[in-house]
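Shown here: start.tsv, TSV, C-alpha atoms.
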```
chain	number	residue	atom	x	y	z
L	148	MET	CA	0.00	0.00	0.00
L	149	THR	CA	2.04	2.94	-1.26
L	150	ASP	CA	-0.15	5.13	-3.48
L	151	ARG	CA	-1.73	8.19	-1.90
L	152	ALA	CA	-5.36	7.42	-1.05
L	153	GLY	CA	-8.25	9.19	-2.75
L	154	HIS	CA	-11.44	10.67	-1.37
L	155	SER	CA	-13.65	8.85	1.09
L	156	ALA	CA	-16.59	9.17	-1.32
L	157	ALA	CA	-14.63	7.15	-3.88
L	158	ALA	CA	-13.97	4.47	-1.26
L	159	ILE	CA	-17.69	4.34	-0.44
L	160	ASP	CA	-18.50	3.94	-4.13
L	161	ALA	CA	-15.86	1.22	-4.50
L	162	ALA	CA	-17.34	-0.69	-1.57
L	163	ARG	CA	-20.80	-0.36	-3.07
L	164	GLY	CA	-19.42	-1.66	-6.37
L	165	ARG	CA	-18.16	-4.77	-4.58
L	166	GLY	CA	-21.55	-5.31	-2.98
L	167	ASP	CA	-20.22	-4.23	0.41
L	168	CYS	CA	-21.09	-1.42	2.77
L	169	ALA	CA	-18.10	0.83	3.48
L	170	LEU	CA	-16.53	0.48	6.90
L	171	ILE	CA	-15.37	3.75	8.48
L	172	ALA	CA	-13.27	3.61	11.66
L	173	TYR	CA	-12.87	6.50	14.09
L	174	LEU	CA	-9.59	7.04	15.95
L	175	PRO	CA	-8.57	10.00	18.12
L	176	VAL	CA	-5.22	11.25	16.85
L	177	GLY	CA	-2.62	11.32	19.61
L	178	PHE	CA	-3.94	8.42	21.69
L	179	PRO	CA	-2.09	6.83	23.29
L	180	SER	CA	0.54	8.81	21.33
L	181	VAL	CA	0.67	10.31	17.86
L	182	ASP	CA	2.82	7.49	16.48
L	183	ASP	CA	0.69	4.84	18.18
L	184	SER	CA	-2.49	6.32	16.72
L	185	ILE	CA	-0.86	6.07	13.28
L	186	ARG	CA	0.07	2.44	13.98
L	187	ALA	CA	-3.55	1.80	14.95
L	188	GLY	CA	-4.78	3.37	11.71
L	189	LYS	CA	-2.51	1.13	9.65
L	190	VAL	CA	-3.74	-1.93	11.57
L	191	LEU	CA	-7.30	-0.92	10.72
L	192	ALA	CA	-6.40	-0.51	7.06
L	193	ASP	CA	-4.84	-3.98	7.00
L	194	ALA	CA	-7.96	-5.43	8.68
L	195	GLY	CA	-10.22	-4.23	5.86
L	196	VAL	CA	-11.42	-0.81	7.00
L	197	ASP	CA	-12.22	1.41	4.00
L	198	ILE	CA	-11.85	4.87	5.56
L	199	ILE	CA	-10.18	6.30	8.65
L	200	GLU	CA	-11.94	9.10	10.52
L	201	LEU	CA	-9.37	10.86	12.67
L	202	GLY	CA	-10.82	12.73	15.60
L	203	PHE	CA	-8.95	15.86	16.65
L	204	PRO	CA	-9.04	16.12	20.48
L	205	TYR	CA	-10.88	19.14	21.80
L	206	SER	CA	-11.21	20.50	25.33
L	207	ASP	CA	-15.03	20.72	25.22
L	208	PRO	CA	-16.17	17.64	23.27
L	209	GLY	CA	-19.94	18.01	23.51
L	210	MET	CA	-20.74	15.08	21.20
L	211	ASP	CA	-18.26	12.55	22.56
L	212	GLY	CA	-19.17	9.79	24.98
L	213	PRO	CA	-17.04	8.66	27.95
L	214	THR	CA	-14.70	6.29	26.09
L	215	ILE	CA	-13.69	8.84	23.45
L	216	GLN	CA	-13.55	11.63	26.03
L	217	LYS	CA	-11.12	9.60	28.13
L	218	ALA	CA	-8.89	9.03	25.10
L	219	THR	CA	-9.00	12.63	23.92
L	220	VAL	CA	-8.26	13.99	27.40
L	221	ALA	CA	-5.18	11.76	27.51
L	222	ALA	CA	-4.08	13.07	24.09
L	223	LEU	CA	-4.61	16.67	25.19
L	224	GLU	CA	-2.61	16.10	28.37
L	225	ARG	CA	0.29	14.87	26.23
L	226	GLY	CA	0.08	18.04	24.14
L	227	ILE	CA	-1.62	17.28	20.82
L	228	HIS	CA	-1.23	19.90	18.07
L	229	ILE	CA	-2.83	20.51	14.66
L	230	GLU	CA	0.55	19.74	13.10
L	231	ASP	CA	0.20	16.24	14.60
L	232	LEU	CA	-3.15	15.87	12.84
L	233	PHE	CA	-1.59	16.78	9.48
L	234	TYR	CA	1.32	14.42	10.14
L	235	ALA	CA	-1.00	11.51	10.97
L	236	THR	CA	-3.14	12.22	7.92
L	237	ASP	CA	-0.03	12.29	5.73
L	238	GLU	CA	1.13	8.93	7.11
L	239	LEU	CA	-2.24	7.23	6.66
L	240	THR	CA	-3.10	8.57	3.22
L	241	SER	CA	0.42	7.62	2.09
L	242	TYR	CA	-0.34	4.12	3.40
L	243	GLY	CA	-3.27	4.00	1.01
L	244	ILE	CA	-6.35	4.59	3.14
L	245	PRO	CA	-8.64	7.62	2.66
L	246	THR	CA	-8.56	9.74	5.80
L	247	CYS	CA	-11.09	12.34	6.86
L	248	VAL	CA	-11.18	14.28	10.11
L	249	MET	CA	-13.90	14.92	12.64
L	250	THR	CA	-13.19	18.17	14.41
L	251	TYR	CA	-15.02	20.81	16.34
L	252	TRP	CA	-14.92	24.13	14.55
L	253	ASN	CA	-12.77	26.22	16.93
L	254	PRO	CA	-9.43	24.57	16.02
L	255	VAL	CA	-10.07	25.12	12.31
L	256	GLU	CA	-10.97	28.74	12.88
L	257	TRP	CA	-7.94	29.22	15.12
L	258	TRP	CA	-5.58	27.80	12.47
L	259	GLY	CA	-7.29	29.81	9.72
L	260	VAL	CA	-10.00	28.29	7.53
L	261	GLU	CA	-8.25	28.74	4.17
L	262	ARG	CA	-4.91	27.75	5.65
L	263	PHE	CA	-6.39	24.62	7.25
L	264	ALA	CA	-8.00	23.56	3.98
L	265	ARG	CA	-4.77	24.11	2.06
L	266	ASP	CA	-2.59	22.28	4.61
L	267	PHE	CA	-5.03	19.40	4.99
L	268	ALA	CA	-5.33	18.92	1.23
L	269	ALA	CA	-1.54	18.97	0.91
L	270	VAL	CA	-1.25	15.80	3.03
L	271	GLY	CA	-3.98	13.98	1.10
L	272	GLY	CA	-6.84	14.62	3.52
L	273	SER	CA	-10.27	13.72	2.23
L	274	GLY	CA	-12.57	16.11	4.07
L	275	LEU	CA	-13.96	17.32	7.38
L	276	ILE	CA	-16.84	16.13	9.52
L	277	THR	CA	-17.91	19.20	11.50
L	278	PRO	CA	-20.41	18.28	14.25
L	279	ASP	CA	-20.81	21.81	15.62
L	280	LEU	CA	-20.74	23.73	12.32
L	281	PRO	CA	-24.27	24.03	10.89
L	282	PRO	CA	-24.60	24.53	7.12
L	283	GLU	CA	-26.10	27.96	7.73
L	284	GLU	CA	-22.67	29.04	9.02
L	285	GLY	CA	-20.51	26.93	6.71
L	286	ASN	CA	-20.00	29.23	3.71
L	287	GLN	CA	-16.37	30.06	4.46
L	288	TRP	CA	-15.47	26.43	4.98
L	289	GLU	CA	-17.43	25.25	1.94
L	290	GLU	CA	-15.64	27.75	-0.31
L	291	ALA	CA	-12.22	26.74	1.05
L	292	ALA	CA	-13.10	23.05	0.74
L	293	GLU	CA	-14.23	23.40	-2.87
L	294	LEU	CA	-11.09	25.35	-3.76
L	295	ASN	CA	-8.96	22.54	-2.31
L	296	ASP	CA	-11.14	19.60	-3.46
L	297	LEU	CA	-12.14	18.56	0.07
L	298	GLU	CA	-15.35	16.97	1.28
L	299	CYS	CA	-17.82	18.82	3.54
L	300	ILE	CA	-19.60	16.28	5.72
L	301	TYR	CA	-22.53	17.54	7.76
L	302	LEU	CA	-24.56	15.56	10.28
L	303	THR	CA	-28.25	14.73	10.36
L	304	ALA	CA	-30.16	13.54	13.43
L	305	PRO	CA	-33.31	11.46	13.90
L	306	SER	CA	-35.10	14.68	14.87
L	307	SER	CA	-34.06	16.62	11.72
L	308	PRO	CA	-37.16	17.92	9.89
L	309	GLU	CA	-37.44	17.55	6.13
L	310	HIS	CA	-36.44	21.13	5.31
L	311	ARG	CA	-33.29	20.78	7.40
L	312	LEU	CA	-32.39	17.46	5.79
L	313	ARG	CA	-32.64	19.13	2.39
L	314	LEU	CA	-30.42	22.00	3.56
L	315	ILE	CA	-27.80	19.58	4.91
L	316	CYS	CA	-27.80	17.52	1.72
L	317	GLU	CA	-27.50	20.61	-0.48
L	318	HIS	CA	-24.45	21.81	1.46
L	319	SER	CA	-22.71	18.45	1.93
L	320	ARG	CA	-19.94	17.41	-0.40
L	321	GLY	CA	-18.96	13.73	-0.47
L	322	TRP	CA	-21.41	12.11	1.93
L	323	VAL	CA	-23.76	12.78	4.82
L	324	TYR	CA	-23.19	11.52	8.37
L	325	ALA	CA	-26.48	10.21	9.78
L	326	ALA	CA	-26.38	10.03	13.57
L	327	SER	CA	-28.33	6.95	14.59
L	328	SER	CA	-29.57	8.44	17.85
L	329	MET	CA	-29.75	11.63	19.82
L	330	GLY	CA	-27.02	12.28	22.36
L	331	VAL	CA	-23.33	11.42	22.62
L	332	THR	CA	-21.19	8.74	21.03
L	333	GLY	CA	-20.76	5.31	22.58
L	334	ALA	CA	-21.20	1.63	21.85
L	335	ARG	CA	-24.73	0.32	22.29
L	336	ALA	CA	-26.13	-3.15	22.86
L	337	SER	CA	-28.66	-2.73	20.06
L	338	ILE	CA	-29.41	-0.38	17.20
L	339	GLY	CA	-32.96	0.94	17.15
L	340	PRO	CA	-35.37	0.48	14.22
L	341	GLN	CA	-35.46	4.25	13.68
L	342	VAL	CA	-32.01	4.17	12.07
L	343	GLN	CA	-33.24	2.89	8.72
L	344	GLY	CA	-35.81	5.68	8.67
L	345	VAL	CA	-33.07	8.27	9.25
L	346	VAL	CA	-31.11	6.89	6.29
L	347	GLU	CA	-34.15	6.74	4.01
L	348	ARG	CA	-35.24	10.29	4.88
L	349	THR	CA	-31.73	11.63	4.36
L	350	ARG	CA	-31.43	9.88	1.00
L	351	ALA	CA	-34.86	11.13	-0.05
L	352	ALA	CA	-33.72	14.66	0.80
L	353	GLY	CA	-30.98	14.40	-1.81
L	354	ALA	CA	-27.98	12.66	-0.24
L	355	GLU	CA	-26.05	10.51	-2.69
L	356	ARG	CA	-24.23	8.66	0.10
L	357	VAL	CA	-25.42	8.20	3.69
L	358	CYS	CA	-23.19	6.74	6.39
L	359	VAL	CA	-24.43	5.84	9.88
L	360	GLY	CA	-22.56	6.44	13.11
L	361	LEU	CA	-23.06	6.42	16.90
L	362	GLY	CA	-23.41	3.10	18.63
L	363	VAL	CA	-22.15	0.34	16.33
L	364	SER	CA	-19.97	-2.15	18.18
L	365	THR	CA	-20.37	-5.62	16.62
L	366	GLY	CA	-20.20	-7.29	13.24
L	367	ASP	CA	-23.90	-8.16	13.47
L	368	GLN	CA	-24.84	-4.52	14.05
L	369	ALA	CA	-22.62	-3.47	11.14
L	370	ARG	CA	-24.35	-6.00	8.89
L	371	GLU	CA	-27.78	-4.85	10.03
L	372	ILE	CA	-27.04	-1.21	9.18
L	373	GLY	CA	-24.98	-2.06	6.11
L	374	ALA	CA	-28.03	-3.57	4.46
L	375	TYR	CA	-29.45	-0.07	3.89
L	376	ALA	CA	-26.64	2.45	4.55
L	377	ASP	CA	-23.69	3.26	2.30
L	378	GLY	CA	-21.25	3.29	5.20
L	379	VAL	CA	-21.05	2.18	8.83
L	380	ILE	CA	-18.99	4.31	11.23
L	381	VAL	CA	-17.52	2.65	14.32
L	382	GLY	CA	-15.81	4.65	17.04
L	383	SER	CA	-16.09	3.92	20.75
L	384	ALA	CA	-15.91	0.13	20.42
L	385	LEU	CA	-12.61	0.41	18.53
L	386	VAL	CA	-11.16	3.10	20.78
L	387	LYS	CA	-11.94	0.98	23.84
L	388	THR	CA	-9.53	-1.71	22.66
L	389	LEU	CA	-6.64	0.80	22.69
L	390	PHE	CA	-6.69	1.05	26.49
L	391	ALA	CA	-5.31	-2.51	26.79
L	392	GLU	CA	-1.69	-2.90	27.83
L	393	PRO	CA	0.85	-3.57	26.46
L	394	PHE	CA	0.00	-1.66	23.30
L	395	ASP	CA	0.82	-4.60	21.02
L	396	ARG	CA	-2.00	-6.47	22.75
L	397	ALA	CA	-4.27	-3.48	22.17
L	398	LEU	CA	-3.42	-3.53	18.47
L	399	GLY	CA	-4.28	-7.23	18.35
L	400	ASP	CA	-7.66	-6.58	19.96
L	401	LEU	CA	-8.21	-3.68	17.57
L	402	SER	CA	-7.44	-5.88	14.57
L	403	ASP	CA	-9.74	-8.66	15.78
L	404	LEU	CA	-12.71	-6.30	16.17
L	405	ALA	CA	-12.02	-4.55	12.86
L	406	CYS	CA	-11.89	-7.91	11.07
L	407	GLU	CA	-15.23	-8.86	12.65
L	408	LEU	CA	-16.77	-5.59	11.51
L	409	ALA	CA	-15.32	-5.96	8.01
L	410	ARG	CA	-16.82	-9.44	7.73
L	411	GLY	CA	-20.13	-7.99	8.83
L	412	VAL	CA	-20.34	-5.48	5.96
L	413	LYS	CA	-18.91	-7.77	3.27
L	414	GLY	CA	-21.42	-8.65	0.56
L	415	VAL	CA	-24.29	-7.08	2.49
L	416	ARG	CA	-25.40	-4.91	-0.46
L	417	GLN	CA	-25.41	-7.70	-3.05
```
Reformat the file's structure so that it appears as structure tokens.
Amino acid sequence: MTDRAGHSAAAIDAARGRGDCALIAYLPVGFPSVDDSIRAGKVLADAGVDIIELGFPYSDPGMDGPTIQKATVAALERGIHIEDLFYATDELTSYGIPTCVMTYWNPVEWWGVERFARDFAAVGGSGLITPDLPPEEGNQWEEAAELNDLECIYLTAPSSPEHRLRLICEHSRGWVYAASSMGVTGARASIGPQVQGVVERTRAAGAERVCVGLGVSTGDQAREIGAYADGVIVGSALVKTLFAEPFDRALGDLSDLACELARGVKGVRQ
């Protein structure tokens, strides 16, 4: 795996072409260290994950559940920087896996919107997922993203009314992130029946690609969602494995779970 990876939307389309649902794995950059988070991303790529979603640690993570908060706090205490995010993205896209970033808006604004877009594109980044940036306030980012051929990924929620779904789909570039439930991230024992409705409503509002996140933790859940979504996003369940010690054991646990999830989405759209 040596060629620079392409966009995450292309990876979703490639998975769909194989009859699979795309598997998207979330990792907080800098946990347990920057280099270890890169090692984890490469393990996920080798296990069959289609896209890496790097989370940039933030001091007020309103959307993150306890597992991800614990990891991001540890990364912040070690002194994570935006340069580390670009470095990790460079390493992973060079390894051949499309890499997007979930970040709260303040760090982007602090770095400079145009500068962030330019620097992120330069290391092969695919696009940004911006949970606290509504499309009504996204013009500056959307212009910078288009100029640098980056994806703009906005989030829908089960409570989103039709007019808002249309607005989100009109402003998204690449794919739409459909949150499966209200509230914060975290693995769940079951995925509610409302999730399919969220996907169908988002697609009907104009989304070409809809990926589901928040709560997926098993191969069976991934298969269930993969039957109707274009991508399945897994975060907390994967991050939880990285707390094991020594870290080589953690990477083994991470690989095992990622392989289970990859088997779950394989052939599900045929």
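Of note, CA of Trp322 (chain L) and CA of Val342 (chain L) are spaced 16.7 Å apart.
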- Message: Taking 3 positions as the minimum chain separation for residues in the same chain, which residues sit within 8 Å of region 237-246 of chain L when counting only C-alpha atoms? Answer as a VMD selection string.
- Response: chain L and resid 148 to 155 158 185 188 to 189 192 197 to 201 233 to 234 270 to 274
Can you write just those residues out, C-alpha atoms, as an mmCIF file, in the coordinates of the input?
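Full text of out36.cif as output:
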```
data_model
loop_
_atom_site.group_PDB
_atom_site.id
_atom_site.type_symbol
_atom_site.label_atom_id
_atom_site.label_comp_id
_atom_site.auth_asym_id
_atom_site.auth_seq_id
_atom_site.Cartn_x
_atom_site.Cartn_y
_atom_site.Cartn_z
ATOM 1 C CA MET L 148 0.000 0.000 0.000
ATOM 2 C CA THR L 149 2.040 2.940 -1.260
ATOM 3 C CA ASP L 150 -0.150 5.130 -3.480
ATOM 4 C CA ARG L 151 -1.730 8.190 -1.900
ATOM 5 C CA ALA L 152 -5.360 7.420 -1.050
ATOM 6 C CA GLY L 153 -8.250 9.190 -2.750
ATOM 7 C CA HIS L 154 -11.440 10.670 -1.370
ATOM 8 C CA SER L 155 -13.650 8.850 1.090
ATOM 9 C CA ALA L 158 -13.970 4.470 -1.260
ATOM 10 C CA ILE L 185 -0.860 6.070 13.280
ATOM 11 C CA GLY L 188 -4.780 3.370 11.710
ATOM 12 C CA LYS L 189 -2.510 1.130 9.650
ATOM 13 C CA ALA L 192 -6.400 -0.510 7.060
ATOM 14 C CA ASP L 197 -12.220 1.410 4.000
ATOM 15 C CA ILE L 198 -11.850 4.870 5.560
ATOM 16 C CA ILE L 199 -10.180 6.300 8.650
ATOM 17 C CA GLU L 200 -11.940 9.100 10.520
ATOM 18 C CA LEU L 201 -9.370 10.860 12.670
ATOM 19 C CA PHE L 233 -1.590 16.780 9.480
ATOM 20 C CA TYR L 234 1.320 14.420 10.140
ATOM 21 C CA VAL L 270 -1.250 15.800 3.030
ATOM 22 C CA GLY L 271 -3.980 13.980 1.100
ATOM 23 C CA GLY L 272 -6.840 14.620 3.520
ATOM 24 C CA SER L 273 -10.270 13.720 2.230
ATOM 25 C CA GLY L 274 -12.570 16.110 4.070
#
```
- Residues near region 393-397 of chain L, cut-off 12 Å, all atoms listed in the file, skip fewer than 6 positions along chain, as a count of residues only: 14
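Closest approach to Gly164 (chain L) among L:Asp377, L:Glu261, L:Gly202, L:Thr388 is made by L:Asp377 (distances from all atoms listed in the file).
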- Shell around region 365-369 of chain L at 7 Å using all atoms listed in the file, local window under 5 positions removed, as a list of chain:residue names: L:Ile338, L:Val379, L:Glu407, L:Leu408, L:Arg410, L:Gly411, L:Val412
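Pairwise distance (CA of Phe263 (chain L), CA of Val357 (chain L)) equals 25.4 Å.
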Write region 360-371 of chain L as a PDB file, in the coordinates of the input, completed to all heavy atoms.
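Okay, out.pdb is ready:
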```pdb
ATOM      1  N   GLY L 360     -23.451   6.542  11.966  1.00  0.00           N
ATOM      2  CA  GLY L 360     -22.560   6.440  13.110  1.00  0.00           C
ATOM      3  C   GLY L 360     -23.313   6.580  14.415  1.00  0.00           C
ATOM      4  O   GLY L 360     -24.494   6.894  14.431  1.00  0.00           O
ATOM      5  N   LEU L 361     -22.606   6.368  15.493  1.00  0.00           N
ATOM      6  CA  LEU L 361     -23.060   6.420  16.900  1.00  0.00           C
ATOM      7  C   LEU L 361     -23.680   5.098  17.322  1.00  0.00           C
ATOM      8  O   LEU L 361     -24.845   4.828  17.058  1.00  0.00           O
ATOM      9  CB  LEU L 361     -24.039   7.564  17.170  1.00  0.00           C
ATOM     10  CG  LEU L 361     -23.588   8.983  16.861  1.00  0.00           C
ATOM     11  CD1 LEU L 361     -24.564   9.992  17.461  1.00  0.00           C
ATOM     12  CD2 LEU L 361     -22.207   9.267  17.356  1.00  0.00           C
ATOM     13  N   GLY L 362     -22.867   4.265  17.954  1.00  0.00           N
ATOM     14  CA  GLY L 362     -23.410   3.100  18.630  1.00  0.00           C
ATOM     15  C   GLY L 362     -23.013   1.750  18.100  1.00  0.00           C
ATOM     16  O   GLY L 362     -23.210   0.749  18.780  1.00  0.00           O
ATOM     17  N   VAL L 363     -22.469   1.649  16.904  1.00  0.00           N
ATOM     18  CA  VAL L 363     -22.150   0.340  16.330  1.00  0.00           C
ATOM     19  C   VAL L 363     -20.949  -0.260  17.040  1.00  0.00           C
ATOM     20  O   VAL L 363     -19.924   0.398  17.214  1.00  0.00           O
ATOM     21  CB  VAL L 363     -21.868   0.466  14.818  1.00  0.00           C
ATOM     22  CG1 VAL L 363     -21.515  -0.899  14.229  1.00  0.00           C
ATOM     23  CG2 VAL L 363     -23.059   1.069  14.100  1.00  0.00           C
ATOM     24  N   SER L 364     -21.068  -1.531  17.441  1.00  0.00           N
ATOM     25  CA  SER L 364     -19.970  -2.150  18.180  1.00  0.00           C
ATOM     26  C   SER L 364     -19.705  -3.599  17.798  1.00  0.00           C
ATOM     27  O   SER L 364     -18.710  -4.177  18.243  1.00  0.00           O
ATOM     28  CB  SER L 364     -20.240  -2.078  19.689  1.00  0.00           C
ATOM     29  OG  SER L 364     -21.439  -2.761  20.010  1.00  0.00           O
ATOM     30  N   THR L 365     -20.546  -4.207  16.967  1.00  0.00           N
ATOM     31  CA  THR L 365     -20.370  -5.620  16.620  1.00  0.00           C
ATOM     32  C   THR L 365     -20.534  -5.818  15.110  1.00  0.00           C
ATOM     33  O   THR L 365     -21.127  -4.992  14.405  1.00  0.00           O
ATOM     34  CB  THR L 365     -21.403  -6.513  17.324  1.00  0.00           C
ATOM     35  OG1 THR L 365     -22.714  -6.233  16.784  1.00  0.00           O
ATOM     36  CG2 THR L 365     -21.416  -6.272  18.825  1.00  0.00           C
ATOM     37  N   GLY L 366     -20.033  -6.951  14.633  1.00  0.00           N
ATOM     38  CA  GLY L 366     -20.200  -7.290  13.240  1.00  0.00           C
ATOM     39  C   GLY L 366     -21.657  -7.442  12.854  1.00  0.00           C
ATOM     40  O   GLY L 366     -22.066  -7.060  11.747  1.00  0.00           O
ATOM     41  N   ASP L 367     -22.464  -7.996  13.758  1.00  0.00           N
ATOM     42  CA  ASP L 367     -23.900  -8.160  13.470  1.00  0.00           C
ATOM     43  C   ASP L 367     -24.589  -6.807  13.312  1.00  0.00           C
ATOM     44  O   ASP L 367     -25.436  -6.628  12.426  1.00  0.00           O
ATOM     45  CB  ASP L 367     -24.576  -8.973  14.575  1.00  0.00           C
ATOM     46  CG  ASP L 367     -24.202 -10.450  14.533  1.00  0.00           C
ATOM     47  OD1 ASP L 367     -23.701 -10.902  13.483  1.00  0.00           O
ATOM     48  OD2 ASP L 367     -24.395 -11.141  15.552  1.00  0.00           O
ATOM     49  N   GLN L 368     -24.249  -5.857  14.173  1.00  0.00           N
ATOM     50  CA  GLN L 368     -24.840  -4.520  14.050  1.00  0.00           C
ATOM     51  C   GLN L 368     -24.387  -3.858  12.746  1.00  0.00           C
ATOM     52  O   GLN L 368     -25.179  -3.197  12.068  1.00  0.00           O
ATOM     53  CB  GLN L 368     -24.425  -3.651  15.240  1.00  0.00           C
ATOM     54  CG  GLN L 368     -25.088  -4.047  16.543  1.00  0.00           C
ATOM     55  CD  GLN L 368     -24.562  -3.234  17.722  1.00  0.00           C
ATOM     56  OE1 GLN L 368     -23.497  -2.631  17.643  1.00  0.00           O
ATOM     57  NE2 GLN L 368     -25.294  -3.246  18.820  1.00  0.00           N
ATOM     58  N   ALA L 369     -23.123  -4.039  12.387  1.00  0.00           N
ATOM     59  CA  ALA L 369     -22.620  -3.470  11.140  1.00  0.00           C
ATOM     60  C   ALA L 369     -23.355  -4.053   9.944  1.00  0.00           C
ATOM     61  O   ALA L 369     -23.708  -3.333   8.999  1.00  0.00           O
ATOM     62  CB  ALA L 369     -21.118  -3.717  11.021  1.00  0.00           C
ATOM     63  N   ARG L 370     -23.617  -5.357   9.992  1.00  0.00           N
ATOM     64  CA  ARG L 370     -24.350  -6.000   8.890  1.00  0.00           C
ATOM     65  C   ARG L 370     -25.789  -5.491   8.829  1.00  0.00           C
ATOM     66  O   ARG L 370     -26.317  -5.246   7.738  1.00  0.00           O
ATOM     67  CB  ARG L 370     -24.314  -7.529   9.066  1.00  0.00           C
ATOM     68  CG  ARG L 370     -25.171  -8.300   8.052  1.00  0.00           C
ATOM     69  CD  ARG L 370     -24.783  -9.767   7.994  1.00  0.00           C
ATOM     70  NE  ARG L 370     -23.484  -9.935   7.364  1.00  0.00           N
ATOM     71  CZ  ARG L 370     -23.308 -10.061   6.047  1.00  0.00           C
ATOM     72  NH1 ARG L 370     -24.336 -10.048   5.232  1.00  0.00           N
ATOM     73  NH2 ARG L 370     -22.105 -10.207   5.541  1.00  0.00           N
ATOM     74  N   GLU L 371     -26.396  -5.332   9.976  1.00  0.00           N
ATOM     75  CA  GLU L 371     -27.780  -4.850  10.030  1.00  0.00           C
ATOM     76  C   GLU L 371     -27.891  -3.472   9.373  1.00  0.00           C
ATOM     77  O   GLU L 371     -28.773  -3.231   8.539  1.00  0.00           O
ATOM     78  CB  GLU L 371     -28.241  -4.787  11.488  1.00  0.00           C
ATOM     79  CG  GLU L 371     -29.641  -4.244  11.690  1.00  0.00           C
ATOM     80  CD  GLU L 371     -29.985  -4.062  13.160  1.00  0.00           C
ATOM     81  OE1 GLU L 371     -29.263  -4.612  14.024  1.00  0.00           O
ATOM     82  OE2 GLU L 371     -30.972  -3.353  13.457  1.00  0.00           O
TER      83      GLU L 371
END
```
